[in-house]
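Asks: See start-v6.cif below, with mmCIF, N, CA, C and O atoms.
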data_protein
loop_
_atom_site.label_atom_id
_atom_site.label_comp_id
_atom_site.auth_asym_id
_atom_site.auth_seq_id
_atom_site.Cartn_x
_atom_site.Cartn_y
_atom_site.Cartn_z
N MET A 1 -13.96 35.27 23.56
CA MET A 1 -14.12 36.02 24.78
C MET A 1 -12.75 36.30 25.35
O MET A 1 -11.92 35.42 25.43
N THR A 2 -12.49 37.54 25.78
CA THR A 2 -11.23 37.90 26.39
C THR A 2 -11.43 37.91 27.90
O THR A 2 -12.41 38.43 28.41
N THR A 3 -10.48 37.31 28.58
CA THR A 3 -10.57 37.29 30.05
C THR A 3 -9.43 38.08 30.64
O THR A 3 -8.36 38.20 30.05
N ARG A 4 -9.68 38.61 31.81
CA ARG A 4 -8.64 39.32 32.54
C ARG A 4 -8.05 38.38 33.58
O ARG A 4 -8.72 37.54 34.12
N ARG A 5 -6.75 38.56 33.83
CA ARG A 5 -6.13 37.77 34.88
C ARG A 5 -4.96 38.54 35.45
O ARG A 5 -4.46 39.48 34.84
N ALA A 6 -4.53 38.13 36.61
CA ALA A 6 -3.41 38.81 37.26
C ALA A 6 -2.12 38.52 36.49
O ALA A 6 -1.89 37.41 36.02
N ILE A 7 -1.28 39.54 36.35
CA ILE A 7 0.01 39.40 35.70
C ILE A 7 1.07 39.40 36.79
O ILE A 7 0.85 39.90 37.89
N ASP A 8 2.25 38.85 36.53
CA ASP A 8 3.30 38.68 37.53
C ASP A 8 3.60 39.95 38.34
O ASP A 8 3.93 39.86 39.51
N ASN A 9 3.48 41.12 37.76
CA ASN A 9 3.80 42.34 38.48
C ASN A 9 2.68 42.79 39.41
O ASN A 9 2.74 43.86 40.00
N GLY A 10 1.65 41.97 39.52
CA GLY A 10 0.57 42.27 40.44
C GLY A 10 -0.56 43.06 39.83
O GLY A 10 -1.61 43.22 40.43
N GLU A 11 -0.38 43.60 38.65
CA GLU A 11 -1.42 44.36 37.99
C GLU A 11 -2.41 43.41 37.33
O GLU A 11 -2.11 42.26 37.08
N THR A 12 -3.58 43.92 37.06
CA THR A 12 -4.56 43.14 36.31
C THR A 12 -4.69 43.76 34.93
O THR A 12 -4.76 44.97 34.80
N GLY A 13 -4.70 42.91 33.91
CA GLY A 13 -4.83 43.42 32.56
C GLY A 13 -4.94 42.28 31.58
O GLY A 13 -5.01 41.13 31.95
N PHE A 14 -4.97 42.65 30.33
CA PHE A 14 -5.04 41.62 29.29
C PHE A 14 -3.68 40.97 29.17
O PHE A 14 -2.65 41.58 29.40
N ALA A 15 -3.67 39.72 28.80
CA ALA A 15 -2.43 38.96 28.67
C ALA A 15 -1.71 39.37 27.39
O ALA A 15 -1.83 38.74 26.37
N THR A 16 -0.97 40.48 27.44
CA THR A 16 -0.30 40.97 26.24
C THR A 16 1.18 41.21 26.47
O THR A 16 1.87 41.65 25.55
N GLY A 17 1.71 40.94 27.65
CA GLY A 17 3.12 41.20 27.94
C GLY A 17 4.02 40.25 27.18
O GLY A 17 3.60 39.24 26.63
N SER A 18 5.32 40.59 27.15
CA SER A 18 6.27 39.77 26.40
C SER A 18 6.36 38.36 26.98
O SER A 18 6.54 37.40 26.24
N ARG A 19 6.22 38.23 28.29
CA ARG A 19 6.26 36.89 28.89
C ARG A 19 5.08 36.06 28.42
O ARG A 19 5.21 34.89 28.12
N ASN A 20 3.91 36.68 28.37
CA ASN A 20 2.73 35.96 27.92
C ASN A 20 2.83 35.60 26.44
O ASN A 20 2.39 34.53 26.03
N ARG A 21 3.41 36.50 25.64
CA ARG A 21 3.62 36.17 24.22
C ARG A 21 4.59 35.01 24.09
O ARG A 21 4.40 34.13 23.26
N SER A 22 5.62 35.01 24.93
CA SER A 22 6.59 33.92 24.91
C SER A 22 5.92 32.60 25.30
O SER A 22 6.15 31.57 24.68
N ASN A 23 5.08 32.65 26.33
CA ASN A 23 4.35 31.45 26.75
C ASN A 23 3.41 30.98 25.65
O ASN A 23 3.28 29.78 25.40
N ALA A 24 2.75 31.93 24.99
CA ALA A 24 1.85 31.57 23.89
C ALA A 24 2.64 30.95 22.75
O ALA A 24 2.20 29.95 22.16
N LEU A 25 3.80 31.51 22.44
CA LEU A 25 4.63 30.96 21.37
C LEU A 25 5.08 29.54 21.73
O LEU A 25 5.04 28.64 20.88
N ASP A 26 5.48 29.34 22.96
CA ASP A 26 5.89 28.00 23.40
C ASP A 26 4.74 27.00 23.25
O ASP A 26 4.93 25.89 22.74
N ALA A 27 3.55 27.39 23.68
CA ALA A 27 2.39 26.51 23.58
C ALA A 27 2.03 26.26 22.12
O ALA A 27 1.71 25.13 21.73
N PHE A 28 2.11 27.30 21.30
CA PHE A 28 1.83 27.17 19.87
C PHE A 28 2.79 26.19 19.23
O PHE A 28 2.38 25.28 18.49
N MET A 29 4.09 26.35 19.49
CA MET A 29 5.09 25.49 18.88
C MET A 29 4.96 24.05 19.37
O MET A 29 5.13 23.11 18.60
N THR A 30 4.63 23.86 20.64
CA THR A 30 4.43 22.52 21.17
C THR A 30 3.30 21.84 20.42
O THR A 30 3.42 20.68 19.98
N THR A 31 2.20 22.54 20.24
CA THR A 31 1.06 21.97 19.52
C THR A 31 1.39 21.75 18.06
O THR A 31 1.01 20.73 17.47
N LYS A 32 2.13 22.67 17.44
CA LYS A 32 2.54 22.51 16.05
C LYS A 32 3.38 21.25 15.90
O LYS A 32 3.18 20.47 14.95
N PHE A 33 4.32 21.01 16.80
CA PHE A 33 5.16 19.81 16.72
C PHE A 33 4.31 18.55 16.89
O PHE A 33 4.54 17.54 16.24
N GLN A 34 3.30 18.62 17.76
CA GLN A 34 2.40 17.48 17.93
C GLN A 34 1.63 17.20 16.63
O GLN A 34 1.49 16.04 16.22
N ILE A 35 1.14 18.26 15.99
CA ILE A 35 0.42 18.10 14.72
C ILE A 35 1.36 17.53 13.66
O ILE A 35 0.99 16.61 12.92
N ASP A 36 2.59 18.07 13.58
CA ASP A 36 3.55 17.57 12.60
C ASP A 36 3.82 16.08 12.81
O ASP A 36 3.88 15.32 11.84
N ALA A 37 3.94 15.65 14.06
CA ALA A 37 4.19 14.24 14.36
C ALA A 37 2.99 13.38 13.94
O ALA A 37 3.16 12.30 13.36
N MET A 38 1.77 13.87 14.20
CA MET A 38 0.58 13.12 13.80
C MET A 38 0.50 13.02 12.28
O MET A 38 0.17 11.95 11.73
N LEU A 39 0.82 14.12 11.57
CA LEU A 39 0.78 14.10 10.12
C LEU A 39 1.82 13.13 9.55
O LEU A 39 1.53 12.40 8.58
N GLU A 40 3.00 13.10 10.14
CA GLU A 40 4.03 12.16 9.69
C GLU A 40 3.57 10.72 9.88
O GLU A 40 3.78 9.88 9.00
N ARG A 41 2.95 10.43 11.03
CA ARG A 41 2.46 9.08 11.28
C ARG A 41 1.36 8.71 10.29
O ARG A 41 1.33 7.60 9.76
N LEU A 42 0.44 9.64 10.04
CA LEU A 42 -0.63 9.38 9.06
C LEU A 42 -0.06 9.16 7.67
O LEU A 42 -0.52 8.28 6.93
N LYS A 43 0.93 9.96 7.28
CA LYS A 43 1.56 9.80 5.97
C LYS A 43 2.21 8.43 5.86
O LYS A 43 2.06 7.75 4.83
N ALA A 44 2.92 8.00 6.88
CA ALA A 44 3.56 6.68 6.87
C ALA A 44 2.51 5.58 6.78
O ALA A 44 2.68 4.61 6.03
N LEU A 45 1.42 5.73 7.51
CA LEU A 45 0.34 4.74 7.47
C LEU A 45 -0.30 4.71 6.09
O LEU A 45 -0.58 3.63 5.54
N SER A 46 -0.49 5.87 5.49
CA SER A 46 -1.06 5.95 4.14
C SER A 46 -0.11 5.31 3.13
O SER A 46 -0.55 4.57 2.23
N ASP A 47 1.18 5.61 3.26
CA ASP A 47 2.17 5.02 2.34
C ASP A 47 2.15 3.50 2.42
O ASP A 47 2.47 2.83 1.44
N ASP A 48 1.78 2.96 3.57
CA ASP A 48 1.68 1.51 3.77
C ASP A 48 0.25 1.02 3.50
O ASP A 48 -0.13 -0.06 3.95
N HIS A 49 -0.53 1.83 2.78
CA HIS A 49 -1.92 1.48 2.44
C HIS A 49 -2.74 1.13 3.68
O HIS A 49 -3.55 0.21 3.65
N PHE A 50 -2.49 1.87 4.74
CA PHE A 50 -3.22 1.68 5.99
C PHE A 50 -3.15 0.23 6.46
O PHE A 50 -4.10 -0.33 6.98
N GLU A 51 -1.94 -0.34 6.26
CA GLU A 51 -1.63 -1.71 6.69
C GLU A 51 -2.61 -2.74 6.14
O GLU A 51 -2.96 -3.70 6.80
N THR A 52 -3.06 -2.50 4.91
CA THR A 52 -4.01 -3.41 4.27
C THR A 52 -3.49 -3.78 2.89
O THR A 52 -3.16 -2.89 2.10
N SER A 53 -3.42 -5.06 2.60
CA SER A 53 -3.00 -5.49 1.27
C SER A 53 -4.21 -5.47 0.34
O SER A 53 -5.35 -5.60 0.80
N PRO A 54 -3.98 -5.31 -0.95
CA PRO A 54 -5.09 -5.27 -1.91
C PRO A 54 -6.00 -6.50 -1.82
O PRO A 54 -7.21 -6.40 -2.04
N ASP A 55 -5.43 -7.64 -1.47
CA ASP A 55 -6.22 -8.87 -1.37
C ASP A 55 -7.14 -8.88 -0.15
O ASP A 55 -8.07 -9.68 -0.10
N GLU A 56 -6.87 -8.01 0.82
CA GLU A 56 -7.66 -7.99 2.06
C GLU A 56 -8.75 -6.92 2.07
O GLU A 56 -9.60 -6.93 2.95
N VAL A 57 -8.71 -5.99 1.14
CA VAL A 57 -9.62 -4.84 1.18
C VAL A 57 -11.08 -5.30 1.14
O VAL A 57 -11.48 -6.11 0.30
N ASN A 58 -11.86 -4.77 2.09
CA ASN A 58 -13.30 -5.03 2.11
C ASN A 58 -14.01 -3.72 2.42
O ASN A 58 -13.38 -2.68 2.61
N TRP A 59 -15.35 -3.77 2.45
CA TRP A 59 -16.11 -2.53 2.67
C TRP A 59 -15.88 -1.94 4.05
O TRP A 59 -16.06 -0.73 4.25
N GLY A 60 -15.46 -2.74 5.00
CA GLY A 60 -15.10 -2.21 6.31
C GLY A 60 -13.91 -1.27 6.22
O GLY A 60 -13.89 -0.20 6.85
N HIS A 61 -12.92 -1.66 5.40
CA HIS A 61 -11.76 -0.79 5.19
C HIS A 61 -12.17 0.51 4.51
O HIS A 61 -11.69 1.58 4.85
N VAL A 62 -13.08 0.40 3.54
CA VAL A 62 -13.57 1.60 2.85
C VAL A 62 -14.27 2.53 3.84
O VAL A 62 -14.05 3.74 3.85
N GLY A 63 -15.10 1.96 4.70
CA GLY A 63 -15.81 2.76 5.71
C GLY A 63 -14.84 3.44 6.66
O GLY A 63 -15.02 4.62 7.01
N THR A 64 -13.81 2.71 7.08
CA THR A 64 -12.81 3.29 7.97
C THR A 64 -12.10 4.46 7.30
O THR A 64 -11.94 5.53 7.89
N LEU A 65 -11.68 4.27 6.04
CA LEU A 65 -11.00 5.36 5.33
C LEU A 65 -11.93 6.54 5.10
O LEU A 65 -11.50 7.70 5.19
N ASN A 66 -13.20 6.27 4.80
CA ASN A 66 -14.16 7.37 4.65
C ASN A 66 -14.31 8.14 5.96
O ASN A 66 -14.44 9.38 5.96
N HIS A 67 -14.29 7.44 7.07
CA HIS A 67 -14.37 8.10 8.38
C HIS A 67 -13.14 8.98 8.60
O HIS A 67 -13.26 10.13 9.02
N TYR A 68 -11.95 8.42 8.34
CA TYR A 68 -10.72 9.21 8.47
C TYR A 68 -10.78 10.45 7.57
O TYR A 68 -10.44 11.56 8.00
N ALA A 69 -11.23 10.26 6.32
CA ALA A 69 -11.31 11.38 5.38
C ALA A 69 -12.28 12.45 5.88
O ALA A 69 -12.02 13.65 5.75
N SER A 70 -13.39 12.01 6.46
CA SER A 70 -14.37 12.95 7.00
C SER A 70 -13.77 13.79 8.12
O SER A 70 -13.97 15.01 8.18
N LEU A 71 -13.03 13.14 9.01
CA LEU A 71 -12.40 13.87 10.11
C LEU A 71 -11.34 14.84 9.59
O LEU A 71 -11.26 15.99 10.04
N LEU A 72 -10.55 14.39 8.64
CA LEU A 72 -9.54 15.27 8.06
C LEU A 72 -10.18 16.43 7.29
O LEU A 72 -9.67 17.55 7.31
N ARG A 73 -11.31 16.16 6.63
CA ARG A 73 -12.02 17.22 5.91
C ARG A 73 -12.49 18.30 6.88
O ARG A 73 -12.46 19.50 6.56
N GLN A 74 -12.93 17.90 8.05
CA GLN A 74 -13.34 18.90 9.05
C GLN A 74 -12.17 19.81 9.39
O GLN A 74 -12.33 21.03 9.50
N ILE A 75 -10.99 19.23 9.53
CA ILE A 75 -9.80 20.01 9.87
C ILE A 75 -9.41 20.92 8.70
O ILE A 75 -9.17 22.11 8.90
N THR A 76 -9.35 20.35 7.50
CA THR A 76 -8.93 21.18 6.36
C THR A 76 -9.96 22.25 6.04
O THR A 76 -9.60 23.37 5.68
N ASP A 77 -11.25 21.95 6.19
CA ASP A 77 -12.27 22.97 5.97
C ASP A 77 -12.09 24.13 6.95
O ASP A 77 -12.19 25.30 6.57
N ALA A 78 -11.81 23.81 8.21
CA ALA A 78 -11.61 24.86 9.20
C ALA A 78 -10.33 25.64 8.91
O ALA A 78 -10.31 26.87 8.95
N ALA A 79 -9.25 24.92 8.60
CA ALA A 79 -7.95 25.57 8.38
C ALA A 79 -7.96 26.46 7.14
O ALA A 79 -7.33 27.53 7.14
N PHE A 80 -8.66 26.02 6.09
CA PHE A 80 -8.65 26.76 4.83
C PHE A 80 -9.94 27.54 4.59
O PHE A 80 -10.16 28.06 3.49
N LYS A 81 -10.79 27.59 5.61
CA LYS A 81 -12.07 28.31 5.54
C LYS A 81 -12.89 27.85 4.33
O LYS A 81 -13.32 28.66 3.51
N GLU A 82 -13.07 26.56 4.25
CA GLU A 82 -13.86 25.94 3.18
C GLU A 82 -15.04 25.22 3.79
O GLU A 82 -15.18 25.15 5.01
N GLY A 83 -15.91 24.67 2.94
CA GLY A 83 -17.06 23.92 3.44
C GLY A 83 -17.91 24.79 4.35
O GLY A 83 -18.18 25.95 4.04
N GLU A 84 -18.31 24.24 5.48
CA GLU A 84 -19.16 25.01 6.40
C GLU A 84 -18.44 26.18 7.04
O GLU A 84 -19.06 27.05 7.64
N HIS A 85 -17.13 26.22 6.90
CA HIS A 85 -16.33 27.34 7.46
C HIS A 85 -16.06 28.43 6.46
O HIS A 85 -15.35 29.40 6.76
N ALA A 86 -16.59 28.27 5.25
CA ALA A 86 -16.36 29.28 4.21
C ALA A 86 -17.03 30.60 4.62
O ALA A 86 -18.10 30.61 5.23
N ALA A 87 -16.38 31.67 4.26
CA ALA A 87 -16.90 33.00 4.64
C ALA A 87 -18.08 33.40 3.79
O ALA A 87 -18.35 32.98 2.75
#
Could you write out this structure as structure tokens?
Replies:
Amino acid sequence: MTTRRAIDNGETGFATGSRNRSNALDAFMTTKFQIDAMLERLKALSDDHFETSPDEVNWGHVGTLNHYASLLRQITDAAFKEGEHAA
């Protein structure tokens, strides 16, 4: 849905001005950096076997990893238009 809102010059219109594009780019990059940081943390946790030694692994750990995988699958399916997001 597209919404109308007042622009700095007092006119009403769609948010398409260069200032709004700049604001959108700033918000996009902020979110991208947040995602990159989360991915780095997940990668580090995975590299450390999710802080679990082979001698400690139990079905609870398997369930937790399956849950993480399910959540990540939702993201990758949406991002790559796969699964329920396939065209």
Asks: If I take CA of Asp48 in chain A and CA of Leu72 in chain A, how far is one from the other in Å, to one decimal?
Replies: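 Here the two named atoms are 18.3 Å from each other.
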Asks: Using only C-alpha atoms, find the one residue out of A:Arg73, A:Lys43, A:Arg19, A:Lys32 that sits nearest to His85 in chain A.
Replies: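 So, comparing all the options, the nearest one is A:Arg73.
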Asks: Among chain A, which ones does DSSP place in strand (DSSP E or B), written as a CSV table (one decimal) with N, CA, C and O atoms, in the frame of the given file?
Replies:
chain,number,residue,atom,x,y,z
A,5,ARG,N,-6.8,38.6,33.8
A,5,ARG,CA,-6.1,37.8,34.9
A,5,ARG,C,-5.0,38.5,35.4
A,5,ARG,O,-4.5,39.5,34.8
A,6,ALA,N,-4.5,38.1,36.6
A,6,ALA,CA,-3.4,38.8,37.3
A,6,ALA,C,-2.1,38.5,36.5
A,6,ALA,O,-1.9,37.4,36.0
A,12,THR,N,-3.6,43.9,37.1
A,12,THR,CA,-4.6,43.1,36.3
A,12,THR,C,-4.7,43.8,34.9
A,12,THR,O,-4.8,45.0,34.8
A,13,GLY,N,-4.7,42.9,33.9
A,13,GLY,CA,-4.8,43.4,32.6
A,13,GLY,C,-4.9,42.3,31.6
A,13,GLY,O,-5.0,41.1,32.0
Asks: As an exercise, work out the distance from CA of Ala78 in chain A to CA of Thr31 in chain A in Å and give it to one decimal place.
Replies: 16.6 Å
Asks: Between atom N of Lys81 in chain A and atom N of His49 in chain A, what distance in Å does the model show, to one decimal?
Replies: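 So the answer is 27.9 Å.
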